[in-house]
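Trainee: Dropping a structure here in structure tokens format, bear with me for questions.
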Amino acid sequence: MLTVETSGLKGITSFTTYDGGELKDCKLKEYNFIHTKYGDLVPQYGNPGFRKKQLAALSFYKNGKIKSISLEQQTEISTPIGILPAEFVTFFEDGSINSLFPLNGQISGFWSEEEEGKLAQKLHFSFSFGDFCAKIIGLRFYPDGRVRSLILWPNERIIIDTPAGKMPVRIGFRLFEDGSIKSVEPAEPFLIETPIGSINAYDADALGIDADKNSVCFDEKGRLISLCTFDIITVRKKSGEKEIIFPTLKPGLTTEYEKVPIKLIFDTDTVSIGDTKATDYNDNTKATDYSDNTKATDYNDNTKAADYGGDARAANYKIAECTFLIMRGNYMETESCGDCSSCKGCM
């Protein structure tokens, strides 16, 4: 079932449809141009060669509106923040730009990330929290055209003003609709003042492909919501009970073990401390929102907070009822000793 927007396409070589028969996506072998509010764009139709991804040239929403375009060649597009080069663009259903990627090469044995990186241009950006020039993987927008997130090129670094201070940043950042910072990924251990003391914020294993989820998060007023750290945290309760919380290790995909940082989520008067698998630190979960009323020493058959593994729940503490001691963790890369039975924070 072709719609008004798809019926004029020429040279369709393959396609898929929705259950109702509506065109979902297609590949092309002939020149076409697609009308958008950002100009007429030419979807990919030539031989992709060994660099380009062999993607569908076009994808559509069920109602026939354009969802994405893989462009035949890099094209300058006038976005709400200026003219930017693009090889792949996605759209909201109303036609507004959703995301833009300056390059869209296929990293493989025939085309390396280094070769792709040589094609990446340093672009200038100006935000309320800083001006910078950097290579980017892509940008995501809100429907009204404001920037939602910026994804930096691998190994690219910028310095921006955050609610926690001027911070070196890698991977990227996410913004609220008003343009203030929602989350950011520190490029190195960065000391942040928190309700329980100064903590080095850093996640060595942060995913570098998407800046929508970062380890240091703030609310709309700039209050710290969460962070990840490899520091060692000692908690002493009013009862005198003491718990020492270390970063943990988990079986690795490319190495025998991988480091798992501690994650802290701050609420008005409580802090949740666990590993990074406990919850998604970019959701709206508060430190007191966990579904059970488990105490720090009750989960996993009465194991203590220091003993939790990769799937353990976070432990909640009332800040006013505890004393916290923060010791800087080992942020140097070292090999595991292989004996985790008596691990004391081996990094």
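Residues are referred to by chain and number: the chain letter is A, B, ... according to the order shown in the structure tokens, the number counts from 1 in that chain, and ligands are numbered separately from 1 in the order shown.
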Can you list, as a ChimeraX atom specification, all residues belonging to region 185-287 of chain A that DSSP tags as strand (DSSP E)?
Mentor: /A:185-186,190-194,197-201,216-218,224-229,232-237,242-245,248-251,257-260,262-266,270-275
Trainee: Can I get the selected residues back with C-alpha atoms, as a JSON list (two decimals), in the first residue's frame?
Mentor:
[["chain", "number", "residue", "atom", "x", "y", "z"],
["A", 185, "GLU", "CA", 29.99, 11.76, 30.97],
["A", 186, "PRO", "CA", 33.26, 12.85, 32.65],
["A", 190, "PHE", "CA", 36.11, 14.44, 38.38],
["A", 191, "LEU", "CA", 35.68, 15.50, 42.00],
["A", 192, "ILE", "CA", 32.06, 16.44, 42.76],
["A", 193, "GLU", "CA", 30.65, 17.76, 46.04],
["A", 194, "THR", "CA", 27.74, 15.53, 47.03],
["A", 197, "GLY", "CA", 31.11, 14.25, 50.69],
["A", 198, "SER", "CA", 33.45, 14.80, 47.76],
["A", 199, "ILE", "CA", 33.41, 11.90, 45.29],
["A", 200, "ASN", "CA", 35.36, 11.24, 42.10],
["A", 201, "ALA", "CA", 32.76, 10.75, 39.37],
["A", 216, "VAL", "CA", 26.45, 12.05, 36.06],
["A", 217, "CYS", "CA", 22.84, 13.27, 36.15],
["A", 218, "PHE", "CA", 21.15, 16.47, 37.34],
["A", 224, "LEU", "CA", 22.93, 16.27, 41.54],
["A", 225, "ILE", "CA", 20.80, 13.15, 41.04],
["A", 226, "SER", "CA", 23.34, 10.39, 40.42],
["A", 227, "LEU", "CA", 26.92, 9.52, 39.60],
["A", 228, "CYS", "CA", 29.24, 6.54, 39.20],
["A", 229, "THR", "CA", 32.57, 6.15, 40.96],
["A", 232, "ILE", "CA", 35.64, 3.31, 48.23],
["A", 233, "ILE", "CA", 32.77, 4.35, 50.50],
["A", 234, "THR", "CA", 32.62, 3.59, 54.22],
["A", 235, "VAL", "CA", 29.20, 3.98, 55.86],
["A", 236, "ARG", "CA", 28.91, 4.11, 59.64],
["A", 237, "LYS", "CA", 25.39, 3.99, 61.06],
["A", 242, "LYS", "CA", 30.06, -0.15, 59.57],
["A", 243, "GLU", "CA", 29.87, -1.12, 55.91],
["A", 244, "ILE", "CA", 32.64, -0.68, 53.36],
["A", 245, "ILE", "CA", 31.50, -0.56, 49.75],
["A", 248, "THR", "CA", 33.05, -4.94, 42.08],
["A", 249, "LEU", "CA", 34.33, -7.16, 39.28],
["A", 250, "LYS", "CA", 32.28, -9.10, 36.75],
["A", 251, "PRO", "CA", 33.26, -11.61, 34.04],
["A", 257, "TYR", "CA", 37.19, -9.45, 34.50],
["A", 258, "GLU", "CA", 35.71, -6.00, 34.05],
["A", 259, "LYS", "CA", 35.40, -3.30, 36.70],
["A", 260, "VAL", "CA", 31.90, -2.38, 37.84],
["A", 262, "ILE", "CA", 29.57, 2.03, 42.35],
["A", 263, "LYS", "CA", 26.45, 3.98, 41.50],
["A", 264, "LEU", "CA", 24.95, 6.55, 43.85],
["A", 265, "ILE", "CA", 21.45, 8.01, 43.49],
["A", 266, "PHE", "CA", 20.61, 11.00, 45.67],
["A", 270, "THR", "CA", 18.62, 9.60, 51.30],
["A", 271, "VAL", "CA", 21.30, 8.07, 49.12],
["A", 272, "SER", "CA", 21.10, 4.77, 47.28],
["A", 273, "ILE", "CA", 24.43, 2.99, 46.81],
["A", 274, "GLY", "CA", 24.82, -0.03, 44.56],
["A", 275, "ASP", "CA", 26.54, -1.16, 41.39]]
Trainee: CA of Glu87 (chain A) and CA of Phe173 (chain A), how far apart in Å?
Mentor: 21.7 Å
Trainee: What's the 9 Å shell around Ile209 (chain A), counting only C-alpha atoms, without same-chain residues fewer than 5 positions away, as a count of residues only?
Mentor: 6
Trainee: Tell me, in Å to one decimal, how far CA of Val169 (chain A) is from CA of Asn214 (chain A).
Mentor: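 Those two atoms sit 10.6 Å apart.
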Trainee: From the list A:Gln73, A:Thr254, A:Ser128, A:Thr162, which residue is nearest Gly46 (chain A) when using only C-alpha atoms?
Mentor: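 Nearest to Gly46 (chain A): A:Gln73.
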